[in-house]
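Some notes on the structure that comes next.
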Amino acid sequence: MQKMKMMTDITENKDVKILAIESSCDETAASVVVNGRTVLSNIISSQIDLHTIYGGVVPEIASRKHIEKINYVVEEALNTAGVTLEEIDAVAVTYGPGLVGALLVGVSFAKALAYGAGKPLVGVHHIEGHIAANYIENPELEPPFMCLVVSGGHTHLVNVVDYGKFEILGRTRDDAAGEAFDKVARAIGLGYPGGPKIDKVSYEGNPEAVIFPRSKVGDAYDFSFSGLKSAVLNHLNSCQMKGEEIVQADIAASFQAAVVDVLVRNAMEAAKVNKVKKLAIAGGVASNTHLRKAMEEACKKRGIEFYHPSPILCTDNAAMIGCAGYYEYMNGVRSGLDLNAVPNLKLGER
Ligand code: KG4
Ligand code: ZN
C-alpha cells in the first residue's frame, strides 16, 4: 500500500513545518515550508551543466548525482531555515512521476530520515507540487481554479477542485510542451535546455516568419506537439535542400508562437465552458515570458484572474513539494515505509 489515511493529531494554531525533498529529474532539491505557504529555505542543486554535454538528461548520471548531493542539500535546507530536524512535523517527498532511479534516491532518503527521526512521511505527486507552487506567492489563491501544467514531461489542463483533488480536462497525446521546446532547440543548434534558449532568442526573431501548424485534437482540450516538431524538422530539411538560409531566431520565434497559441487557445476554450474565474500556470514552461504575457492578456480580456509562480518556482524545486505536502498532511495522508517510486504515477492517484 502506497499510503494510508490516518486520523490527524494536528494541534490547531500550531505552525506546521514540512521538510520537502524533490529528486524526480535532474534537480536535487530540499526545502522547509511553514503552513504550506511560507518558504523558509529552497535549496536547488541543478545538474543542467552536466547533462548539457549529452544534449539531454541521462537517467543513470542523474541518479548518481542525486546520491552525491542529497545529504548536503537537505542539511543546507534545514540550516538556511534555522530549523532542526526535531522541529520538523513531517517529511514530504516526490514519489512520482519521474525517472525511477532519480525518484528512488529522494524516496529512500526521505524514508530513512522520517524513520530515524520518528516523523510522519508524506509521498507527494510531482505535478500536484507544480500546481501548488502557485500558492506560495499568492496567499489569496484557493481552489477551485483551473491550472495549465506545462513541463518537460507533462502538459495537463487541470480543474483544481480542492486541495489534492483534481479533474483532468486535457492532456498531451504525444510530446509534452517542454519536450517539444527541447527537441526543436536541439534541431536548430541552440542546445539543452531548449526552453529558456528559445524564449530568449525569440526576441530577435519574427514569430510570423514561418506559419507552423496549430494542432487541434478532436473536440477535447487535448494537446499534440509531435506534428509541430515534425513541421519544424521538415522546414529545416527543405531549407537545406533548397540552399535557403535558416534564421535560427525566426524558427525559434515561429515555433514558440505556435506552442503559445495552442496553449492559450485550449485554456481559454476550457475556461469558457467551465466558467472559470481563476487560471494558473505551472511547470518549467510556465516560466516562458511569451506564454506568460499571452496568457495574461487573454485572461484580462475575459475577466479571469491570472496566477503564475516566479520562474524559480516554475522549474523543479522542493518548496512546491512542501506546499503540496502540507495540504496532504493536513488531509491526514501518511505514507508507510513501503512507499515506492512510481515513475508513471497519475495525477489524483495514490
Ligand atoms: O518542470 P520542469 O523543471 O521539469 C519537469 O517536470 O519536466 O520543466 C523543465 C522543462 C524543460 O523542457 C525546459 O526546456 C522547459 O521546462 N523550460 C522552458 C523555459 N524554462 C524551462 N520552456 C520554455 N520557456 C522557458 N523559459
Ligand atoms: Zn517538474
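Quick note on naming: the chains in the C-alpha cells go A, B, ... in the order shown, residues restart at 1 in each chain, and ligands are numbered from 1 in order of appearance.
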Near Tyr307 in chain A, counting only C-alpha atoms, which residues have an atom at most 8 Å away, once you skip same-chain residues fewer than 3 positions from it, shown as a PyMOL selection string? chain A and resi 134+138+278-281
Could you save those same residues with N, CA, C and O atoms as an mmCIF file, in the first residue's frame?
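Writing done, so here's result_24.cif:
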data_model
loop_
_atom_site.group_PDB
_atom_site.id
_atom_site.type_symbol
_atom_site.label_atom_id
_atom_site.label_comp_id
_atom_site.auth_asym_id
_atom_site.auth_seq_id
_atom_site.Cartn_x
_atom_site.Cartn_y
_atom_site.Cartn_z
ATOM 1 N N ASN A 134 1.863 27.725 -7.085
ATOM 2 C CA ASN A 134 1.088 28.958 -7.201
ATOM 3 C C ASN A 134 0.623 29.510 -5.855
ATOM 4 O O ASN A 134 0.350 30.698 -5.725
ATOM 5 N N ASN A 138 0.958 33.631 -3.845
ATOM 6 C CA ASN A 138 -0.403 34.164 -3.976
ATOM 7 C C ASN A 138 -1.242 33.695 -2.789
ATOM 8 O O ASN A 138 -2.050 32.766 -2.912
ATOM 9 N N LYS A 278 -10.615 31.808 -12.139
ATOM 10 C CA LYS A 278 -9.182 31.919 -11.798
ATOM 11 C C LYS A 278 -8.402 30.899 -12.611
ATOM 12 O O LYS A 278 -8.783 29.722 -12.646
ATOM 13 N N LEU A 279 -7.323 31.363 -13.253
ATOM 14 C CA LEU A 279 -6.490 30.451 -14.030
ATOM 15 C C LEU A 279 -5.026 30.602 -13.619
ATOM 16 O O LEU A 279 -4.519 31.718 -13.497
ATOM 17 N N ALA A 280 -4.380 29.457 -13.390
ATOM 18 C CA ALA A 280 -2.960 29.471 -13.017
ATOM 19 C C ALA A 280 -2.162 28.674 -14.040
ATOM 20 O O ALA A 280 -2.715 27.824 -14.741
ATOM 21 N N ILE A 281 -0.877 28.986 -14.140
ATOM 22 C CA ILE A 281 0.006 28.159 -14.961
ATOM 23 C C ILE A 281 1.124 27.624 -14.065
ATOM 24 O O ILE A 281 1.452 28.225 -13.037
#
Could you list, as an MDAnalysis selection string, all residues that come within 8 Å of ligand 1? Count only C-alpha atoms and all ligand atoms. chainID A and resid 24:25 98 126:127 130 150:154 177:182 192:200 282:289 311 314:317
Write out the residues from the selection above, keeping N, CA and C atoms, as a CSV table (one decimal), in the first residue's frame.
chain,number,residue,atom,x,y,z
A,24,SER,N,13.0,14.1,-8.8
A,24,SER,CA,12.4,13.3,-9.9
A,24,SER,C,13.1,13.4,-11.2
A,25,CYS,N,13.9,14.4,-11.4
A,25,CYS,CA,14.6,14.5,-12.7
A,25,CYS,C,16.1,14.9,-12.5
A,98,GLY,N,8.3,10.5,-12.7
A,98,GLY,CA,9.7,11.0,-13.0
A,98,GLY,C,10.6,9.8,-13.3
A,126,HIS,N,4.4,14.8,-8.1
A,126,HIS,CA,5.2,15.9,-8.7
A,126,HIS,C,4.4,17.0,-9.3
A,127,ILE,N,3.4,16.6,-10.1
A,127,ILE,CA,2.5,17.6,-10.7
A,127,ILE,C,1.7,18.4,-9.7
A,130,HIS,N,3.9,21.1,-8.7
A,130,HIS,CA,3.9,22.2,-9.6
A,130,HIS,C,2.7,23.1,-9.5
A,150,VAL,N,2.6,22.9,-17.6
A,150,VAL,CA,3.4,22.6,-18.8
A,150,VAL,C,4.9,22.5,-18.4
A,151,SER,N,5.3,21.2,-18.5
A,151,SER,CA,6.7,21.0,-18.1
A,151,SER,C,7.4,20.1,-19.1
A,152,GLY,N,8.6,19.6,-18.7
A,152,GLY,CA,9.4,18.8,-19.7
A,152,GLY,C,8.7,17.5,-19.9
A,153,GLY,N,8.0,17.0,-19.0
A,153,GLY,CA,7.4,15.7,-19.1
A,153,GLY,C,5.9,15.7,-19.2
A,154,HIS,N,5.2,16.8,-19.0
A,154,HIS,CA,3.8,16.9,-18.8
A,154,HIS,C,3.1,18.1,-19.5
A,177,ALA,N,4.9,19.9,-23.8
A,177,ALA,CA,5.3,21.2,-24.4
A,177,ALA,C,6.8,21.4,-24.2
A,178,GLY,N,7.4,21.1,-23.0
A,178,GLY,CA,8.8,21.3,-22.8
A,178,GLY,C,9.7,20.4,-23.6
A,179,GLU,N,9.2,19.2,-23.8
A,179,GLU,CA,9.9,18.3,-24.6
A,179,GLU,C,10.1,18.8,-26.1
A,180,ALA,N,9.0,19.4,-26.6
A,180,ALA,CA,9.0,20.0,-27.9
A,180,ALA,C,10.0,21.1,-28.0
A,181,PHE,N,10.0,22.0,-26.9
A,181,PHE,CA,11.0,23.1,-26.9
A,181,PHE,C,12.4,22.5,-26.9
A,182,ASP,N,12.6,21.5,-26.1
A,182,ASP,CA,14.0,20.9,-26.1
A,182,ASP,C,14.4,20.3,-27.4
A,192,TYR,N,20.8,22.2,-25.1
A,192,TYR,CA,20.0,21.9,-24.0
A,192,TYR,C,20.3,22.8,-22.8
A,193,PRO,N,19.3,23.2,-22.0
A,193,PRO,CA,17.9,23.0,-22.1
A,193,PRO,C,17.3,24.0,-23.1
A,194,GLY,N,16.4,23.5,-23.9
A,194,GLY,CA,15.9,24.3,-25.1
A,194,GLY,C,15.0,25.5,-24.7
A,195,GLY,N,14.1,25.2,-23.7
A,195,GLY,CA,13.1,26.2,-23.4
A,195,GLY,C,13.6,27.6,-23.2
A,196,PRO,N,14.5,27.8,-22.2
A,196,PRO,CA,15.0,29.2,-21.9
A,196,PRO,C,15.7,29.8,-23.1
A,197,LYS,N,16.4,28.9,-23.9
A,197,LYS,CA,17.2,29.5,-25.0
A,197,LYS,C,16.2,29.9,-26.1
A,198,ILE,N,15.2,29.2,-26.4
A,198,ILE,CA,14.2,29.6,-27.4
A,198,ILE,C,13.5,30.9,-26.9
A,199,ASP,N,13.1,30.9,-25.7
A,199,ASP,CA,12.5,32.1,-25.1
A,199,ASP,C,13.3,33.3,-25.4
A,200,LYS,N,14.6,33.2,-25.1
A,200,LYS,CA,15.5,34.4,-25.2
A,200,LYS,C,15.7,34.8,-26.7
A,282,ALA,N,1.7,26.5,-14.5
A,282,ALA,CA,2.7,25.9,-13.6
A,282,ALA,C,3.6,25.0,-14.5
A,283,GLY,N,4.8,24.6,-13.9
A,283,GLY,CA,5.8,23.8,-14.6
A,283,GLY,C,6.8,24.6,-15.3
A,284,GLY,N,7.9,24.0,-15.7
A,284,GLY,CA,9.0,24.7,-16.3
A,284,GLY,C,8.7,25.7,-17.4
A,285,VAL,N,7.8,25.2,-18.3
A,285,VAL,CA,7.4,26.1,-19.5
A,285,VAL,C,6.6,27.3,-19.1
A,286,ALA,N,6.0,27.2,-17.9
A,286,ALA,CA,5.3,28.4,-17.3
A,286,ALA,C,6.2,29.6,-17.1
A,287,SER,N,7.5,29.3,-17.1
A,287,SER,CA,8.4,30.5,-16.9
A,287,SER,C,8.7,31.2,-18.3
A,288,ASN,N,8.1,30.6,-19.3
A,288,ASN,CA,8.3,31.2,-20.7
A,288,ASN,C,7.6,32.6,-20.7
A,289,THR,N,8.4,33.6,-21.0
A,289,THR,CA,8.0,35.0,-20.9
A,289,THR,C,6.8,35.3,-21.9
A,311,PRO,N,9.7,32.4,-11.8
A,311,PRO,CA,10.4,31.4,-12.6
A,311,PRO,C,11.1,30.3,-11.8
A,314,CYS,N,8.7,27.8,-10.9
A,314,CYS,CA,8.1,27.0,-12.0
A,314,CYS,C,8.9,25.8,-12.3
A,315,THR,N,10.2,25.9,-12.4
A,315,THR,CA,11.0,24.7,-12.7
A,315,THR,C,11.1,23.9,-11.4
A,316,ASP,N,11.7,22.7,-11.5
A,316,ASP,CA,11.6,21.8,-10.4
A,316,ASP,C,12.3,22.3,-9.1
A,317,ASN,N,11.6,22.2,-8.0
A,317,ASN,CA,12.1,22.7,-6.7
A,317,ASN,C,11.4,21.9,-5.6
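The shortest atom-to-atom distance to ligand 2, with only C-alpha atoms and all ligand atoms taken into account, belongs to A:Ile131 out of A:Leu263, A:Ile131, A:Val160, A:Val74.
All residues of protein, DNA or RNA that reach within 10 Å of His235 in chain A, judged by only C-alpha atoms and not counting those fewer than 3 positions away in the chain, are Val210, Phe212, Lys229, Ser230, Ala231, Val232, Ser238, Cys239, Gln240, Met241, Ile246 and Ile251 of chain A.
Between CA of Glu297 in chain A and CA of Arg37 in chain A lies a distance of 26.9 Å.
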Determine, counting only C-alpha atoms, which protein, DNA and RNA residues have an atom within 9 Å of an atom of Lys346 in chain A; residues of the same chain fewer than 5 positions away are not included. Present the result as a list in words. Gly96, Pro97 and His125 of chain A
Excluding Tyr115 in chain A and residues on its chain fewer than 6 positions from it, collect all residues at most 10 Å away from it, counting only C-alpha atoms, and give them as a PyMOL selection string. chain A and resi 91+109+121+336-337
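Excluding Val259 in chain A and any residue on its chain fewer than 2 positions from it, the residues at most 9 Å away by only C-alpha atoms are Ala177, Ala180, Phe181, Arg214, Phe225, Leu228, Ser254, Phe255, Gln256, Ala257, Asp261, Val262, Leu263, Val264 and Leu291 of chain A.
For the atom pair formed by CA of Gly106 in chain A and CA of Leu345 in chain A, the distance is 15.6 Å, given to one decimal.
Proximity ranking of A:Gly56, A:Gly116, A:Gly322, A:Gly129 relative to ligand 2 places A:Gly129 first, based on only C-alpha atoms and all ligand atoms.
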